[in-house]
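Shown here: coords.txt, compact mmCIF, C-alpha atoms.
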```txt
# COMPACT_ATOMS: atom_id res chain seq x y z
CA MET N 866 -31.93 20.72 -35.64
CA LYS N 867 -29.29 21.15 -38.36
CA LEU N 868 -27.73 24.01 -36.41
CA LEU N 869 -27.37 21.76 -33.36
CA VAL N 870 -25.80 19.03 -35.48
CA LYS N 871 -23.29 21.50 -36.93
CA PHE N 872 -22.48 22.79 -33.44
CA ILE N 873 -21.76 19.27 -32.21
CA MET N 874 -19.52 18.52 -35.18
CA VAL N 875 -17.61 21.81 -34.77
CA PHE N 876 -17.24 21.23 -31.02
CA SER N 877 -15.97 17.70 -31.65
CA GLY N 878 -13.50 18.98 -34.23
CA ALA N 879 -12.25 21.69 -31.88
CA THR N 880 -11.72 19.10 -29.17
CA CYS N 881 -9.66 16.94 -31.52
CA LEU N 882 -7.55 19.94 -32.52
CA HIS N 883 -6.67 20.58 -28.88
CA ALA N 884 -3.11 19.35 -28.41
CA GLN N 885 -3.01 16.21 -26.29
CA SER N 886 -0.01 14.07 -25.43
CA ALA N 887 -0.04 10.38 -26.24
CA LEU N 888 -0.03 8.18 -23.15
CA SER N 889 0.48 4.44 -23.08
CA PHE N 890 -0.43 2.34 -20.04
CA SER N 891 3.26 1.86 -19.16
CA GLU N 892 3.86 5.60 -19.32
CA ALA N 893 0.80 6.20 -17.17
CA ARG N 894 2.11 3.70 -14.63
CA ASN N 895 5.51 5.42 -14.46
CA MET N 896 3.86 8.83 -14.08
CA MET N 897 1.63 7.53 -11.30
CA MET N 898 4.51 5.95 -9.38
CA GLU N 899 6.57 9.13 -9.60
CA LYS N 900 3.81 11.39 -8.25
CA ASN N 901 1.66 9.19 -6.03
CA ILE N 902 1.87 10.24 -2.38
CA GLU N 903 1.15 6.71 -1.11
CA VAL N 904 4.26 5.39 -2.88
CA LYS N 905 6.35 8.14 -1.27
CA ILE N 906 4.88 7.36 2.16
CA ASN N 907 5.83 3.68 1.79
CA ASP N 908 9.36 4.64 0.75
CA LYS N 909 9.63 6.65 3.97
CA LYS N 910 8.31 3.70 5.99
CA ILE N 911 11.06 1.49 4.52
CA GLU N 912 13.63 4.13 5.41
CA LEU N 913 12.17 4.34 8.92
CA SER N 914 12.36 0.56 9.40
CA HIS N 915 16.01 0.59 8.30
CA TYR N 916 16.90 3.06 11.07
CA LYS N 917 14.88 1.10 13.63
CA ILE N 918 16.99 -1.99 12.87
CA LYS N 919 20.13 0.03 13.56
CA ALA N 920 18.59 1.42 16.75
CA SER N 921 17.78 -2.07 18.03
CA GLN N 922 21.27 -3.34 17.18
CA SER N 923 22.72 -0.59 19.38
CA LEU N 924 21.49 -2.58 22.39
CA LEU N 925 24.35 -5.05 21.77
CA PHE N 926 26.99 -2.39 22.47
CA PRO N 927 28.12 -0.74 25.71
CA HIS N 928 26.49 2.55 26.59
CA PHE N 929 28.61 5.37 28.01
CA LYS N 930 27.14 8.33 29.82
CA ALA N 931 28.63 11.50 31.24
CA PHE N 932 27.18 12.55 34.58
CA GLY N 933 27.57 15.22 37.23
CA THR N 934 26.16 15.44 40.75
CA GLY N 935 26.07 18.11 43.45
CA THR N 936 24.67 17.62 46.96
CA TYR N 937 24.30 19.62 50.15
CA SER N 938 23.41 18.28 53.61
CA ASP N 939 22.48 20.29 56.71
CA LYS N 940 24.93 18.23 58.78
CA ALA N 941 28.46 16.99 58.12
CA SER N 942 29.25 13.34 58.70
CA ARG N 943 31.92 12.91 61.37
CA LEU N 944 33.52 10.03 63.34
CA ASN N 945 34.66 11.04 66.84
CA LEU N 946 37.30 8.62 68.22
CA ASN N 947 38.76 10.96 70.86
CA GLY N 948 37.40 8.69 73.59
CA LYS N 949 39.40 5.77 72.21
CA ARG N 950 42.40 8.11 71.92
CA ASP N 951 42.16 8.97 75.61
CA GLN N 952 41.97 5.30 76.55
CA LEU N 953 45.04 4.60 74.43
CA GLY N 954 46.92 7.55 76.05
CA ALA N 955 46.15 6.23 79.50
CA LEU N 956 47.31 2.76 78.49
CA LEU N 957 50.56 4.20 77.18
CA GLU N 958 50.89 6.47 80.28
CA LEU N 959 51.21 9.53 78.10
CA PRO N 960 51.29 12.89 79.90
CA SER N 961 48.41 14.05 77.68
CA PRO N 962 46.30 12.16 75.14
CA ALA N 963 46.36 15.32 73.02
CA ILE N 964 49.84 14.30 71.99
CA LEU N 965 48.15 11.77 69.69
CA GLY N 966 46.25 14.56 67.92
CA ASP N 967 42.56 15.17 67.30
CA TRP N 968 40.75 11.91 66.49
CA ASN N 969 37.47 13.63 65.52
CA PHE N 970 37.49 12.79 61.80
CA SER N 971 35.29 14.34 59.07
CA LEU N 972 33.81 11.62 56.84
CA GLN N 973 31.68 13.86 54.64
CA LYS N 974 31.40 17.61 54.53
CA LYS N 975 28.10 19.34 54.03
CA ASP N 976 28.63 20.02 50.32
CA MET N 977 29.91 17.61 47.66
CA VAL N 978 30.29 17.88 43.89
CA PHE N 979 31.60 15.24 41.50
CA GLY N 980 31.32 14.20 37.85
CA GLY N 981 32.58 11.52 35.50
CA ILE N 982 31.69 8.79 33.03
CA SER N 983 29.59 5.67 33.60
CA MET N 984 29.30 2.55 31.46
CA SER N 985 26.66 -0.18 31.16
CA TRP N 986 26.96 -3.17 28.85
CA PRO N 987 24.27 -5.91 28.87
CA ILE N 988 26.06 -9.17 28.14
CA TYR N 989 23.11 -11.49 28.78
CA THR N 990 19.39 -10.72 28.69
CA GLY N 991 17.96 -14.16 28.04
CA GLY N 992 17.30 -13.32 24.38
CA LYS N 993 15.33 -10.06 24.76
CA ILE N 994 17.80 -8.03 22.69
CA ARG N 995 17.92 -10.63 19.93
CA ALA N 996 14.10 -10.70 19.87
CA ALA N 997 14.01 -6.90 19.55
CA ILE N 998 16.47 -6.98 16.63
CA ASN N 999 14.53 -9.75 14.87
CA THR N 1000 11.28 -7.85 15.35
CA ALA N 1001 12.81 -4.74 13.79
CA LYS N 1002 14.03 -6.76 10.81
CA ILE N 1003 10.62 -8.35 10.32
CA ASN N 1004 8.97 -4.91 10.49
CA SER N 1005 11.32 -3.84 7.71
CA GLU N 1006 10.07 -6.76 5.60
CA ILE N 1007 6.48 -5.72 6.37
CA ALA N 1008 7.26 -2.21 5.14
CA ARG N 1009 8.50 -3.64 1.84
CA VAL N 1010 5.43 -5.88 1.55
CA ASP N 1011 3.18 -2.87 2.20
CA LYS N 1012 4.96 -0.98 -0.57
CA THR N 1013 4.55 -3.88 -3.00
CA ASN N 1014 0.90 -4.22 -2.04
CA ALA N 1015 0.29 -0.50 -2.56
CA GLU N 1016 2.06 -0.45 -5.94
CA GLN N 1017 0.17 -3.48 -7.24
CA GLY N 1018 -3.10 -2.03 -5.97
CA LEU N 1019 -2.34 1.21 -7.80
CA ILE N 1020 -1.72 -0.73 -11.03
CA SER N 1021 -5.16 -2.33 -10.67
CA GLU N 1022 -6.73 1.06 -10.00
CA LEU N 1023 -4.92 2.52 -12.99
CA ALA N 1024 -6.04 -0.36 -15.22
CA ASN N 1025 -9.65 0.19 -14.20
CA ARG N 1026 -9.57 3.93 -14.84
CA TYR N 1027 -7.34 3.82 -17.92
CA PHE N 1028 -9.46 1.26 -19.76
CA ASN N 1029 -12.73 2.81 -18.59
CA THR N 1030 -11.49 6.05 -20.14
CA LYS N 1031 -10.53 4.09 -23.25
CA LEU N 1032 -14.05 2.63 -23.27
CA ALA N 1033 -15.55 6.13 -22.98
CA GLU N 1034 -13.38 7.36 -25.86
CA GLU N 1035 -14.40 4.47 -28.08
CA ALA N 1036 -18.04 4.92 -27.07
CA VAL N 1037 -17.89 8.57 -28.21
CA THR N 1038 -16.45 7.42 -31.54
CA VAL N 1039 -19.27 4.88 -31.93
CA LYS N 1040 -21.91 7.48 -31.05
CA GLU N 1041 -20.36 9.95 -33.50
CA ASN N 1042 -20.55 7.31 -36.22
CA VAL N 1043 -24.18 6.62 -35.31
CA LEU N 1044 -25.02 10.32 -35.55
CA GLU N 1045 -23.27 10.55 -38.91
CA VAL N 1046 -25.12 7.49 -40.20
CA MET N 1047 -28.45 8.82 -38.93
CA ASN N 1048 -27.86 12.13 -40.70
CA VAL N 1049 -27.09 10.28 -43.92
CA HIS N 1050 -30.21 8.18 -43.40
CA LEU N 1051 -32.28 11.35 -42.85
CA SER N 1052 -30.88 12.85 -46.03
CA ASN N 1053 -31.73 9.68 -47.97
CA ALA N 1054 -35.21 9.58 -46.46
CA LEU N 1055 -35.86 13.15 -47.56
CA LYS N 1056 -34.77 12.33 -51.11
CA LEU N 1057 -36.94 9.20 -51.22
CA GLU N 1058 -39.91 11.17 -49.86
CA ARG N 1059 -39.52 13.77 -52.58
CA ASN N 1060 -39.44 10.96 -55.14
CA GLY N 1061 -42.59 9.47 -53.65
CA ILE N 1062 -40.90 6.21 -52.65
CA VAL N 1063 -41.45 6.51 -48.87
CA ALA N 1064 -44.08 8.25 -46.77
CA GLY N 1065 -43.52 11.33 -44.62
CA VAL N 1066 -43.69 9.26 -41.46
CA GLU N 1067 -40.42 7.61 -42.46
CA VAL N 1068 -38.74 11.02 -42.56
CA LEU N 1069 -40.20 11.79 -39.15
CA GLN N 1070 -38.75 8.53 -37.81
CA ALA N 1071 -35.35 9.49 -39.23
CA LYS N 1072 -35.50 12.91 -37.56
CA VAL N 1073 -36.37 11.31 -34.22
CA ALA N 1074 -33.40 8.96 -34.66
CA VAL N 1075 -31.05 11.91 -35.33
CA ALA N 1076 -32.28 13.69 -32.21
CA GLU N 1077 -31.78 10.54 -30.12
CA ALA N 1078 -28.30 10.03 -31.58
CA GLU N 1079 -27.40 13.63 -30.67
CA ARG N 1080 -28.63 13.08 -27.12
CA GLN N 1081 -26.63 9.86 -26.74
CA LEU N 1082 -23.51 11.51 -28.13
CA LEU N 1083 -23.74 14.33 -25.61
CA ALA N 1084 -24.21 11.78 -22.81
CA ALA N 1085 -21.20 9.78 -24.05
CA LYS N 1086 -19.05 12.91 -24.02
CA LYS N 1087 -20.12 13.63 -20.45
CA ASP N 1088 -19.17 10.07 -19.49
CA LEU N 1089 -15.81 10.57 -21.19
CA GLN N 1090 -15.13 13.73 -19.22
CA LEU N 1091 -15.96 11.98 -15.94
CA ALA N 1092 -13.67 9.07 -16.85
CA LYS N 1093 -10.85 11.47 -17.71
CA THR N 1094 -11.31 13.23 -14.38
CA ALA N 1095 -11.01 9.92 -12.51
CA LEU N 1096 -7.91 8.98 -14.50
CA ALA N 1097 -6.35 12.39 -13.85
CA ALA N 1098 -6.94 11.90 -10.10
CA THR N 1099 -5.05 8.61 -10.22
CA LEU N 1100 -2.21 10.17 -12.20
CA GLU N 1101 -2.33 13.31 -10.01
CA THR N 1102 -2.22 15.62 -13.03
CA GLU N 1103 -4.62 17.96 -14.78
CA GLU N 1104 -3.15 17.34 -18.22
CA GLU N 1105 -5.30 15.48 -20.75
CA PHE N 1106 -3.90 12.65 -22.83
CA THR N 1107 -4.68 10.55 -25.85
CA LEU N 1108 -4.63 6.93 -24.66
CA THR N 1109 -2.61 4.71 -26.98
CA SER N 1110 -2.70 1.27 -25.33
CA VAL N 1111 -5.38 -0.97 -26.79
CA PHE N 1112 -7.66 -3.53 -25.20
CA PHE N 1113 -6.13 -6.99 -25.04
CA LEU N 1114 -6.76 -10.61 -24.05
CA GLU N 1115 -4.28 -12.72 -22.10
CA GLU N 1116 -3.06 -15.44 -24.43
CA LYS N 1117 -1.54 -17.84 -21.90
CA MET N 1118 -3.85 -18.20 -18.94
CA ASP N 1119 -2.89 -20.66 -16.21
CA SER N 1120 -5.37 -23.04 -14.64
CA LEU N 1121 -7.63 -21.91 -11.81
CA ASN N 1122 -5.75 -24.03 -9.25
CA GLU N 1123 -2.43 -22.51 -10.29
CA TYR N 1124 -3.77 -19.02 -9.74
CA LYS N 1125 -5.13 -20.05 -6.34
CA GLU N 1126 -1.72 -21.39 -5.33
CA LYS N 1127 -0.01 -18.22 -6.53
CA ALA N 1128 -2.49 -16.07 -4.61
CA VAL N 1129 -1.94 -18.01 -1.37
CA SER N 1130 1.85 -17.74 -1.82
CA ASN N 1131 2.16 -14.20 -3.15
CA TYR N 1132 -0.82 -12.13 -2.01
CA ALA N 1133 0.69 -9.26 -0.05
CA GLN N 1134 -1.83 -9.32 2.82
CA ILE N 1135 -1.20 -13.04 3.39
CA GLN N 1136 2.56 -12.42 3.36
CA LYS N 1137 2.06 -9.64 5.87
CA LEU N 1138 0.09 -11.90 8.22
CA LYS N 1139 2.86 -14.52 7.99
CA LEU N 1140 5.37 -11.86 9.02
CA LEU N 1141 3.10 -10.74 11.86
CA GLU N 1142 3.09 -14.36 13.05
CA LYS N 1143 6.88 -14.20 13.22
CA ILE N 1144 6.69 -10.98 15.23
CA ALA N 1145 4.22 -12.64 17.61
CA GLN N 1146 6.67 -15.54 18.05
CA GLU N 1147 9.47 -13.07 18.84
CA GLY N 1148 7.12 -11.55 21.40
CA ILE N 1149 6.70 -14.97 23.01
CA ASN N 1150 10.48 -15.43 23.06
CA ALA N 1151 10.96 -12.02 24.66
CA GLU N 1152 8.41 -12.75 27.38
CA LYS N 1153 9.98 -16.14 28.12
CA ALA N 1154 13.33 -14.37 28.50
CA ASN N 1155 11.92 -12.60 31.56
CA TYR N 1156 12.29 -15.90 33.43
CA LEU N 1157 16.06 -15.63 32.98
CA PRO N 1158 18.49 -13.32 34.79
CA ASN N 1159 19.92 -10.15 33.24
CA VAL N 1160 23.68 -9.72 33.43
CA ALA N 1161 25.48 -6.46 32.68
CA LEU N 1162 28.98 -5.11 33.03
CA THR N 1163 29.08 -1.75 34.82
CA GLY N 1164 31.76 0.81 35.38
CA GLN N 1165 32.21 4.34 36.66
CA LYS N 1166 35.13 6.78 36.67
CA ILE N 1167 35.06 9.99 38.71
CA ILE N 1168 36.98 12.57 36.68
CA ALA N 1169 36.57 15.64 38.87
CA SER N 1170 35.30 16.06 42.42
CA HIS N 1171 35.09 18.40 45.41
CA ASN N 1172 34.77 16.98 48.91
CA TYR N 1173 34.30 13.45 47.52
CA PRO N 1174 34.62 11.11 50.51
CA LEU N 1175 37.50 8.79 51.30
CA VAL N 1176 39.07 8.21 47.85
CA LYS N 1177 40.12 10.79 45.28
CA ASN N 1178 38.42 10.26 41.88
CA PRO N 1179 38.05 6.46 42.02
CA LEU N 1180 37.45 4.01 39.14
CA THR N 1181 34.95 1.24 39.85
CA VAL N 1182 33.99 -1.74 37.68
CA GLY N 1183 31.66 -4.61 38.34
CA VAL N 1184 29.05 -7.10 37.20
CA MET N 1185 25.38 -6.55 37.93
CA VAL N 1186 22.93 -9.44 37.95
CA THR N 1187 19.20 -8.88 38.31
CA TYR N 1188 16.43 -11.46 38.54
CA ASP N 1189 12.74 -10.99 39.21
CA LEU N 1190 11.77 -13.33 42.02
CA PHE N 1191 8.06 -12.53 41.89
CA ASP N 1192 6.03 -10.14 39.73
CA GLY N 1193 2.47 -11.12 40.54
CA PHE N 1194 2.33 -13.75 37.74
CA GLY N 1195 2.85 -10.99 35.17
CA ARG N 1196 5.40 -12.98 33.18
CA LYS N 1197 3.12 -16.00 32.90
CA ASN N 1198 0.14 -13.97 31.75
CA LYS N 1199 2.22 -11.99 29.25
CA ILE N 1200 3.40 -15.23 27.65
CA LEU N 1201 -0.17 -16.49 27.43
CA ALA N 1202 -1.25 -13.18 25.89
CA ALA N 1203 1.55 -13.38 23.32
CA LYS N 1204 0.57 -16.93 22.41
CA SER N 1205 -3.08 -15.91 22.02
CA GLU N 1206 -2.04 -13.06 19.74
CA LYS N 1207 -0.09 -15.44 17.53
CA GLU N 1208 -3.00 -17.90 17.35
CA SER N 1209 -5.36 -15.06 16.41
CA ILE N 1210 -3.05 -14.01 13.56
CA GLU N 1211 -2.78 -17.62 12.36
CA MET N 1212 -6.57 -17.95 12.23
CA SER N 1213 -6.88 -14.64 10.37
CA ARG N 1214 -4.33 -15.85 7.82
CA GLU N 1215 -6.15 -19.15 7.31
CA LYS N 1216 -9.46 -17.35 6.82
CA LEU N 1217 -7.90 -14.91 4.36
CA GLN N 1218 -6.40 -17.79 2.39
CA THR N 1219 -9.86 -19.35 2.07
CA ASP N 1220 -11.46 -16.02 1.12
CA ILE N 1221 -8.79 -15.18 -1.42
CA LYS N 1222 -9.22 -18.54 -3.16
CA THR N 1223 -12.92 -17.80 -3.50
CA TYR N 1224 -12.17 -14.32 -4.86
CA VAL N 1225 -9.64 -15.72 -7.35
CA GLU N 1226 -12.26 -18.19 -8.58
CA LYS N 1227 -14.77 -15.35 -8.99
CA LEU N 1228 -12.30 -13.24 -10.99
CA TYR N 1229 -11.26 -16.23 -13.09
CA ASN N 1230 -14.86 -17.00 -14.01
CA GLU N 1231 -15.53 -13.33 -14.76
CA LEU N 1232 -12.57 -13.36 -17.14
CA LYS N 1233 -13.86 -16.46 -18.89
CA LYS N 1234 -17.31 -14.90 -19.17
CA SER N 1235 -15.91 -11.65 -20.62
CA LYS N 1236 -13.74 -13.51 -23.11
CA GLU N 1237 -16.67 -15.64 -24.25
CA GLN N 1238 -18.75 -12.48 -24.74
CA ILE N 1239 -15.98 -10.83 -26.76
CA VAL N 1240 -15.67 -13.84 -29.07
CA ALA N 1241 -19.44 -14.22 -29.42
CA LEU N 1242 -19.90 -10.50 -30.12
CA ASP N 1243 -17.36 -10.66 -32.95
CA GLN N 1244 -19.77 -12.87 -34.84
CA SER N 1245 -22.79 -10.83 -33.74
CA ILE N 1246 -21.18 -7.62 -35.01
CA THR N 1247 -20.43 -9.24 -38.37
CA LEU N 1248 -24.06 -10.33 -38.67
CA ALA N 1249 -25.31 -6.92 -37.50
CA LYS N 1250 -23.25 -5.18 -40.19
CA GLU N 1251 -24.77 -7.44 -42.82
CA LEU N 1252 -28.25 -6.73 -41.47
CA VAL N 1253 -27.59 -2.96 -41.71
CA ARG N 1254 -26.50 -3.38 -45.33
CA ILE N 1255 -29.64 -5.36 -46.18
CA ARG N 1256 -31.95 -2.89 -44.37
CA LYS N 1257 -30.42 0.07 -46.18
CA THR N 1258 -30.78 -1.63 -49.57
CA SER N 1259 -34.38 -2.59 -48.81
CA PHE N 1260 -35.20 0.92 -47.60
CA ALA N 1261 -33.77 2.43 -50.79
CA GLU N 1262 -36.09 0.10 -52.75
CA GLY N 1263 -39.06 0.99 -50.55
CA MET N 1264 -39.28 -2.51 -49.09
CA SER N 1265 -38.22 -1.63 -45.53
CA THR N 1266 -39.24 1.12 -43.17
CA SER N 1267 -37.07 3.79 -41.63
CA THR N 1268 -37.57 2.09 -38.28
CA ASP N 1269 -35.99 -1.09 -39.67
CA VAL N 1270 -32.87 0.81 -40.70
CA ILE N 1271 -32.66 2.70 -37.42
CA ASP N 1272 -33.12 -0.45 -35.34
CA ALA N 1273 -30.40 -2.21 -37.34
CA GLU N 1274 -27.96 0.69 -36.86
CA LEU N 1275 -28.70 0.95 -33.14
CA ASP N 1276 -28.33 -2.80 -32.74
CA LEU N 1277 -24.91 -2.65 -34.41
CA SER N 1278 -23.70 0.26 -32.26
CA GLY N 1279 -25.07 -1.43 -29.14
CA LYS N 1280 -23.14 -4.62 -29.86
CA LYS N 1281 -19.93 -2.63 -30.48
CA ILE N 1282 -20.26 -0.86 -27.14
CA GLU N 1283 -21.19 -4.13 -25.43
CA GLN N 1284 -17.98 -5.67 -26.76
CA LEU N 1285 -15.96 -2.67 -25.59
CA LYS N 1286 -17.48 -3.06 -22.11
CA ALA N 1287 -16.55 -6.75 -22.14
CA TYR N 1288 -12.96 -5.82 -23.04
CA THR N 1289 -12.90 -3.23 -20.23
CA ASP N 1290 -14.22 -5.71 -17.67
CA TYR N 1291 -11.70 -8.30 -18.86
CA ASP N 1292 -8.66 -6.02 -18.61
CA SER N 1293 -9.76 -4.59 -15.24
CA ASN N 1294 -10.43 -8.01 -13.72
CA LEU N 1295 -7.19 -9.39 -15.14
CA ALA N 1296 -5.27 -6.59 -13.39
CA LYS N 1297 -7.00 -7.45 -10.11
CA LEU N 1298 -6.30 -11.17 -10.53
CA PHE N 1299 -2.64 -10.51 -11.26
CA GLU N 1300 -2.44 -8.14 -8.27
CA ILE N 1301 -3.73 -10.83 -5.91
CA CYS N 1302 -1.35 -13.40 -7.41
CA GLY N 1303 1.61 -11.02 -7.16
CA MET N 1304 1.93 -10.89 -10.96
CA SER N 1305 1.36 -7.21 -11.72
CA SER N 1306 4.68 -7.10 -13.59
CA ASP N 1307 3.27 -9.70 -16.02
CA TYR N 1308 0.23 -7.50 -16.54
CA MET N 1309 2.49 -4.60 -17.45
CA GLN N 1310 4.12 -6.69 -20.17
CA ASN N 1311 0.72 -7.20 -21.82
CA THR N 1312 0.05 -3.48 -21.96
CA ASN N 1313 3.28 -2.50 -23.76
```
How does this structure look as structure tokens?
Amino acid sequence: MKLLVKFIMVFSGATCLHAQSALSFSEARNMMMEKNIEVKINDKKIELSHYKIKASQSLLFPHFKAFGTGTYSDKASRLNLNGKRDQLGALLELPSPAILGDWNFSLQKKDMVFGGISMSWPIYTGGKIRAAINTAKINSEIARVDKTNAEQGLISELANRYFNTKLAEEAVTVKENVLEVMNVHLSNALKLERNGIVAGVEVLQAKVAVAEAERQLLAAKKDLQLAKTALAATLETEEEFTLTSVFFLEEKMDSLNEYKEKAVSNYAQIQKLKLLEKIAQEGINAEKANYLPNVALTGQKIIASHNYPLVKNPLTVGVMVTYDLFDGFGRKNKILAAKSEKESIEMSREKLQTDIKTYVEKLYNELKKSKEQIVALDQSITLAKELVRIRKTSFAEGMSTSTDVIDAELDLSGKKIEQLKAYTDYDSNLAKLFEICGMSSDYMQNTN
């Protein structure tokens, strides 16, 4: 038994001697944001949306294309007017109509090759181009909202894992203190037994308590290792740290209704649905534009040609107007579909607003409950410490049993851990509340 105790103490000391860097919550947040792949993905999405805006804006400008064409036909196109020539020769009383030449003209030879530049410039589309540009801009806003949502969610995840690791560290410290106290109690019990003040059963109880304290300490260290592994996964590093940020309570809490209003206004998913409503409206506008004509300026310049008919390398310009007379009621149904999509998004947003208010109320009440427990446990811990002092004094005088001392010590350690759990729940739930309300930056200020 003593050998096991010494091994645990040596192992604990060796662990403490292992060099570990200090890590505050703010430093952990910065490390996470620098390495987290989700943050990098969202940065790329913002970059992507920026280029899509530019791509949609290109629709406002004329488009020039170079082209080249080669054709071959099995027959040449000709226009034979020799009959008319003969009639004209007879009318003019010419000795031979051949004097007027050969009136068998070639309109198009069998082969033809030509190339040049063409231009198309939409000058009126009924609003389709403007709707496409607006949609691209709104998608860019969605990309930024997604990034904000991801970053605030990561802060909540970090808070949960950071303070759970802090809880595990503190729990190990408490369990180490319990083991130390139980060893001292065992030593005292042995002395009192030798002096005939207590019975041997009291020593046996003390030994059982030491064994139980050793078991709980080993379990606490396992829990600490698991918590560190989870924290390392969030930070995407294998390095171990000494956590320096302490548990805290928010001093200036707003009212429940204020947090509900902030959540409805700032929650990233609600903001995203509002932007999706705008995209749906742009979709309606684009479909309505199909009832209007499309007008475009067109032009073409032949730069080089071989056997091009009639005119050598012409330049042509014009205006093209297109209008769908009938499309099988496709335009009407597309508008109705776009309207239904918008209504569906609106209903989803309204439901989410109701759900998020309920969730905010749940978190708010959980925070109040945790804070009340922390305050109440302060007094309980003070009383438990006094009870331990009294039990130890009584035991030394032979007026209390070893069980009384052990129960008092375990009650004290239990209340300390219970308070640490209340702190952990408070700080984790506060991070989630601030995330939903779009206030994660305020949470960071509390952890400095």
Which of these residues is nearest to Trp986 (chain N), using all atoms listed in the file: N:Lys1227, N:Lys1002, N:Lys949, N:His928?
N:His928
Counting only C-alpha atoms, give me one row per residue of region 1123-1165 of chain N with an atom at most 10 Å from an atom of region 1286-1298 of chain N, showing the shortest contact pair and its distance in Å to one decimal, sorted by chain then residue number, as JSON lines.
```
{"residue": "N:Tyr1124", "atom": "CA", "partner": "N:Leu1298", "partner_atom": "CA", "distance": 8.3}
{"residue": "N:Lys1125", "atom": "CA", "partner": "N:Leu1298", "partner_atom": "CA", "distance": 9.9}
{"residue": "N:Ala1128", "atom": "CA", "partner": "N:Leu1298", "partner_atom": "CA", "distance": 8.6}
```
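The protein and nucleic acid residues lying at most 12 Å from Lys1117 (chain N) are Asp1307, Tyr1308 and Asn1311 of chain N, with only C-alpha atoms considered and sequence neighbours fewer than 5 positions away removed.
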Pull C-alpha atoms from the residues just selected and write them as a compact mmCIF listing (two decimals), keeping the file's coordinate frame.
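Once written, again-v3.txt looks like this:
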```txt
# COMPACT_ATOMS: atom_id res chain seq x y z
CA ASP N 1307 3.27 -9.70 -16.02
CA TYR N 1308 0.23 -7.50 -16.54
CA ASN N 1311 0.72 -7.20 -21.82
```
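Among the candidates N:Ala1261, N:Leu1285, N:Leu944, N:Ile1221, the residue lying nearest to Glu1058 (chain N) is N:Ala1261 (atoms considered: all atoms listed in the file).
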Residue nearest Ala1098 (chain N) - candidates N:Leu1248, N:Val1160, N:Met897, N:Ala1169, atoms counted: only C-alpha atoms:
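Looking only at the distances to Ala1098 (chain N), the closest residue turns out to be N:Met897.
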Using all atoms listed in the file, the best pick from N:Met1047, N:Met977, N:Leu1162, N:Ala1015 as closest to Gln1134 (chain N) would be N:Ala1015
Leaving out Ser1120 (chain N) and any residue of its chain fewer than 3 positions from it, which residues lie within 12 Å of it when counting all atoms listed in the file, given as a count of residues only?
11
Go ahead and compute the interatomic distance for CA of Glu1215 (chain N) and CA of Glu1300 (chain N), in Å to one decimal.
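A separation of 19.4 Å between them.
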Edge lengths and centre in Å, axis-aligned, region 892-896 of chain N plus 5 Å each side, as AutoDock Vina command-line options:
```
--center_x 3.2 --center_y 6.3 --center_z -16.7 --size_x 14.7 --size_y 15.1 --size_z 15.2
```
So, with all atoms listed in the file as the atoms that count, which of N:Ile1210, N:Met1304, N:Leu1228, N:Ala1036 lies closest to Lys1137 (chain N)?
N:Ile1210
Residue nearest Glu1206 (chain N) among N:Lys1177, N:Lys1143, N:Arg1254, N:Lys909 (counting only C-alpha atoms):
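For Glu1206 (chain N), the nearest of the candidates is N:Lys1143.
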